[in-house]
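Student: Quick one: the structure is below, questions incoming.
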Amino acid sequence: MNCKKDRTFFALNKEPTSVVFCFYFSIAVNSSSVYLDSQFAMPELPEVETTKRGIQPHLEGRVITSLIVRQPKLRWPIPDEVVSKTIGQTILGVSRRGKYIGIHTAKGTVIIHLGMSGSLYLVEKNTPPLFHDHVDIHLNNDQWLRYTDPRRFGSILWHEKGSDTTNWLTHPLLINLGPEPLTDDFNFEYFNLKAKGKKQAIKMFIMDSKQVVGVGNIYANEALFLAGIHPHKPAGTVERKQFMLLVECIKNVLSKAIEQGRTTLKDFVGGDGKPGYFKQSLSVYGRAGEVCVNCSSILEETRLGQRSTVFCPQCQK
Ligand SMILES: [Zn+2]
C-alpha cells in the first residue's frame with residue numbers, strides 16, 4: 001500500500017478562501033482542508049528543520065563577537081557558559097536532533113529548543129529588540145542571531161565539547177531520543193518491534209520521543225488519518241500492514257511539511273526578521289465536526305494525553 005496513493009494530501013496547492021484568526025493559530029478554511037498558518041503555532045520538527053536550514057548558511061564560519069542575554073529565565077535558566085565560553089569562538093556547524101538545534105564551536109555546543117513559541121532568525125546589527133526578544137548572538141559580519149520566545153518555554157543550554165561534533169548527542173536531554181523519522185533507522189521492523197505487546201494508544205506511542213522523535217500532535221493526527229488507524233487503538237494490536245503504512249505516512253507528512261518550509265527560508269534573514277514558518281494543509285487537525293475529506297462522515301474529537309485528537313470514525317479503525 002502507498003500512503004500517497006491511498007489518501008492524497010488534499011488540496012495542497014489550493015489557495016485558502018477565508019481566514020479566521022484565533023489566539024495562537026490562524027486557520028484558513030476552504031471546502032476540503034484546513035490550512036494551518038503556524039506563525040503562532042508550536043514549532044514542530046518541520047519548523048525546527050526549516051529554522052536550521054534558514055540560519056545555517058549565515059552562521060557557519062562566522063565568529064561570535066558577543067552575546068546579549070536580556071532574559072535568562074527560559075524553561076531553564078540560561079547557563080553562564082553560553083556567554084563565557086562562546087565569545088570569540090568560530091561557529092563550526094549547525095545541526096538538528098529531534099527538536100533541538102546545536103550551534104557547534106571548538107569549546108562546545110549551544111543547544112537551543114524553541115519550546116512552544118520560540119523562533120530564531122537573523123537581524124541586521126543594532127536592530128532594536130522588542131519585548132520578547134530575549135537573546136542576541138552577535139556575529140562578525142554585522143548580523144545578529146536573535147531568539148524570540150513570548151511564552152518562554154524554550155531553552156538555551158550549553159554542552160561542553162568532547163572529542164568530536166557529535167558529542168552534543170550525549171547531552172542528558174538528547175541521549176535517549178529515538179531515531180530521526182526521516183532516516184532509515186526509523187523503519188517498519190524497528191517500530192513494530194517497539195510496539196509489541198504495548199497497550200498504550202497508538203497516537204501516544206508515535207508521539208513518544210523515545211520511540212521516534214519529532215512526531216508532534218498535528219503530524220500524529222494527520223499520519224494516523226492517512227494510515228486509517230484509530231488513534232485510541234492499542235499500539236501492540238496494530239496490524240502489520242497498517243504499521244507499514246503508518247511508518248510511510250509519518251515520513252510523508254513530515255517531509256511534505258519540510259518541503260513546504262523551503263519557500264520560507266528567505267524569511268530567516270533581514271527585515272523585521274521573524275520567520276512566519278509556513279502554511280500547511282491539514283486533513284483532520286483543527287477540523288472536528290467537519291466532513292471527512294475521504295468519506296461523508298463527520299470528524300470526531302477526543303483528548304489523548306490532554307491533546308486534541310481528531311479522527312474519522314469511518315476511515316480509521
Ligand atoms: Zn472518513
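Identifiers for the C-alpha cells are assigned positionally: chains receive A, B, ... in sequence, residues are indexed from 1 per chain, and ligands are indexed from 1 in the order shown.
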Check every protein, DNA and RNA residue against ligand 1, keep those with an atom at most 6 Å away (counting only C-alpha atoms and all ligand atoms), and present them as a ChimeraX atom specification.
Tutor: /A:292,294-295,297,312,314-315
Student: Grab the residues selected above and save them as a PDB file, in the first residue's frame with N, CA and C atoms.
Tutor:
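This went into result38.pdb:
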```pdb
ATOM      1  N   CYS A 292     -15.377  14.592   6.699  1.00  0.00           N
ATOM      2  CA  CYS A 292     -14.131  13.922   6.328  1.00  0.00           C
ATOM      3  C   CYS A 292     -13.835  14.171   4.853  1.00  0.00           C
ATOM      4  N   ASN A 294     -12.396  12.256   2.962  1.00  0.00           N
ATOM      5  CA  ASN A 294     -12.321  10.975   2.270  1.00  0.00           C
ATOM      6  C   ASN A 294     -13.667  10.267   2.173  1.00  0.00           C
ATOM      7  N   CYS A 295     -14.605  10.592   3.073  1.00  0.00           N
ATOM      8  CA  CYS A 295     -15.929   9.982   3.066  1.00  0.00           C
ATOM      9  C   CYS A 295     -16.891  11.050   3.590  1.00  0.00           C
ATOM     10  N   SER A 297     -18.490  11.106   6.467  1.00  0.00           N
ATOM     11  CA  SER A 297     -18.657  11.112   7.924  1.00  0.00           C
ATOM     12  C   SER A 297     -18.211  12.443   8.532  1.00  0.00           C
ATOM     13  N   CYS A 312     -11.563  10.301  11.851  1.00  0.00           N
ATOM     14  CA  CYS A 312     -12.775   9.925  11.140  1.00  0.00           C
ATOM     15  C   CYS A 312     -13.225   8.555  11.641  1.00  0.00           C
ATOM     16  N   GLN A 314     -15.238   6.550  10.440  1.00  0.00           N
ATOM     17  CA  GLN A 314     -15.431   5.627   9.327  1.00  0.00           C
ATOM     18  C   GLN A 314     -14.100   5.145   8.742  1.00  0.00           C
ATOM     19  N   CYS A 315     -13.193   6.061   8.516  1.00  0.00           N
ATOM     20  CA  CYS A 315     -11.936   5.749   7.829  1.00  0.00           C
ATOM     21  C   CYS A 315     -10.867   5.164   8.747  1.00  0.00           C
TER      22      CYS A 315
END
```
Student: Might you pull out every residue within 10 Å of region 172-179 of chain A, with only C-alpha atoms counted and same-chain residues fewer than 3 positions away left off, and present them as a list in words?
Tutor: Arg97, Gly98, Lys99, Tyr100, Ile111, His159, Trp168, Leu169, Leu182, Thr183, Asp184, Asp185, Phe186, Asn187, Tyr190, Phe191, Asp208, Ser209, Lys210, Gln211, Val212, Val213 and Gly214 of chain A
Student: Write out as a VMD selection string the residues lying within 9 Å of Val69 (chain A), counting only C-alpha atoms and excluding same-chain residues fewer than 3 positions away.
Tutor: chain A and resid 72 78 83 134 to 137
Student: Could you dump the residues just selected with N, CA and C atoms as a compact mmCIF listing (two decimals), in the first residue's frame?
Tutor:
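Full text of selection-v4.txt as output:
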```txt
# COMPACT_ATOMS: atom_id res chain seq x y z
N PRO A 72 17.23 35.71 31.07
CA PRO A 72 17.81 34.37 31.21
C PRO A 72 16.80 33.31 31.65
N ILE A 78 19.37 30.23 31.50
CA ILE A 78 20.46 30.11 30.53
C ILE A 78 21.79 30.06 31.31
N VAL A 83 27.48 32.30 27.51
CA VAL A 83 28.15 33.58 27.21
C VAL A 83 29.67 33.43 27.34
N HIS A 134 14.70 37.77 23.63
CA HIS A 134 15.46 37.53 24.87
C HIS A 134 16.97 37.42 24.70
N VAL A 135 17.42 36.92 23.55
CA VAL A 135 18.87 36.70 23.37
C VAL A 135 19.30 37.14 21.97
N ASP A 136 20.47 37.80 21.90
CA ASP A 136 21.10 38.11 20.61
C ASP A 136 22.50 37.52 20.60
N ILE A 137 22.84 36.81 19.53
CA ILE A 137 24.22 36.35 19.34
C ILE A 137 24.81 37.21 18.22
```
Student: Pick from A:Lys196, A:His58, A:Lys107, A:His230: nearest to Leu145 (chain A), with only C-alpha atoms counted?
Tutor: A:His58
Student: Name all residues at most 8 Å from Gln316 (chain A) (count only C-alpha atoms; drop same-chain ones fewer than 4 positions away) and give them as a PyMOL selection string.
Tutor: chain A and resi 224-225+227-231+311-312
Student: How many Å separate CA of Ser119 (chain A) from CA of Thr51 (chain A)?
Tutor: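 That distance, rounded to one decimal, is 7.9 Å.
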Student: Find the residues around Lys73 (chain A) up to 12 Å (only C-alpha atoms counted), leave out those fewer than 2 positions away in its own chain, and share them as a ChimeraX atom specification.
Tutor: /A:69-71,75-79,132,134-135,149-157
Student: Which parts of region 15-214 of chain A does DSSP call strand (DSSP E or B) when run on the backbone here, written out as an MDAnalysis selection string?
Tutor: chainID A and resid 18:21 26:29 34:37 63:69 73 77 90 93:97 100:104 108:113 119:124 133:139 143:148 155:160 201
Student: Show me, as an MDAnalysis selection string, the residues that have an atom within 10 Å of Met244 (chain A) when counting only C-alpha atoms, minus same-chain residues fewer than 2 positions from it.
Tutor: chainID A and resid 1:3 187:189 191:192 227 238:242 246:249
Student: Which one is closest to Ile258 (chain A): A:Leu120, A:Ile87, A:Ile55, A:Val48? Count only C-alpha atoms.
Tutor: A:Val48
Student: Which of these, A:Leu304, A:Ile103, A:Pro181, A:Thr309, has the shortest distance to Asn252 (chain A) once you count only C-alpha atoms?
Tutor: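 Result for the nearest residue to Asn252 (chain A): A:Pro181.
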Student: Name the residues of region 64-129 of chain A that come out as alpha helix (DSSP H) in a backbone DSSP run; write them as a ChimeraX atom specification.
Tutor: /A:81-84
Student: Would you output that residue set with C-alpha atoms, as a compact mmCIF listing (two decimals), in the first residue's frame?
Tutor:
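Dumped everything to out_34.txt:
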```
# COMPACT_ATOMS: atom_id res chain seq x y z
CA GLU A 81 28.84 29.21 29.88
CA VAL A 82 26.60 30.12 26.93
CA VAL A 83 28.15 33.58 27.21
CA SER A 84 31.55 32.95 28.79
```
Student: Quick one: everything within 8 Å of Val253 (chain A), counting only C-alpha atoms, minus sequence neighbours fewer than 4 positions away in the same chain. Send it as a CSV table (one decimal) with N, CA and C atoms, in the first residue's frame.
Tutor:
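Here's the written file part-v4.csv:
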```csv
chain,number,residue,atom,x,y,z
A,219,TYR,N,1.1,16.3,13.5
A,219,TYR,CA,1.5,15.3,12.5
A,219,TYR,C,1.0,13.9,12.9
A,222,GLU,N,-2.5,13.7,11.6
A,222,GLU,CA,-2.6,13.5,10.2
A,222,GLU,C,-2.1,12.2,9.7
A,223,ALA,N,-1.0,11.7,10.3
A,223,ALA,CA,-0.4,10.4,9.9
A,223,ALA,C,-1.4,9.3,10.2
A,249,CYS,N,3.5,6.9,6.2
A,249,CYS,CA,2.7,8.1,6.3
A,249,CYS,C,3.4,9.2,7.2
A,257,ALA,N,5.8,18.6,4.9
A,257,ALA,CA,5.9,19.9,5.6
A,257,ALA,C,7.2,20.6,5.5
```
Student: Quote the spacing between CA of Val291 (chain A) and CA of Val215 (chain A) in Å to one decimal place.
Tutor: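 So the answer is 24.7 Å.
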Student: CA of Phe243 (chain A) and CA of Ile202 (chain A) are how many Å apart?
Tutor: 10.0 Å
Student: So, counting only C-alpha atoms, which residue among A:Thr105, A:Ser95, A:Gln200, A:Asn217 is closest to Thr50 (chain A)?
Tutor: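 So, comparing all the options, the nearest one is A:Ser95.
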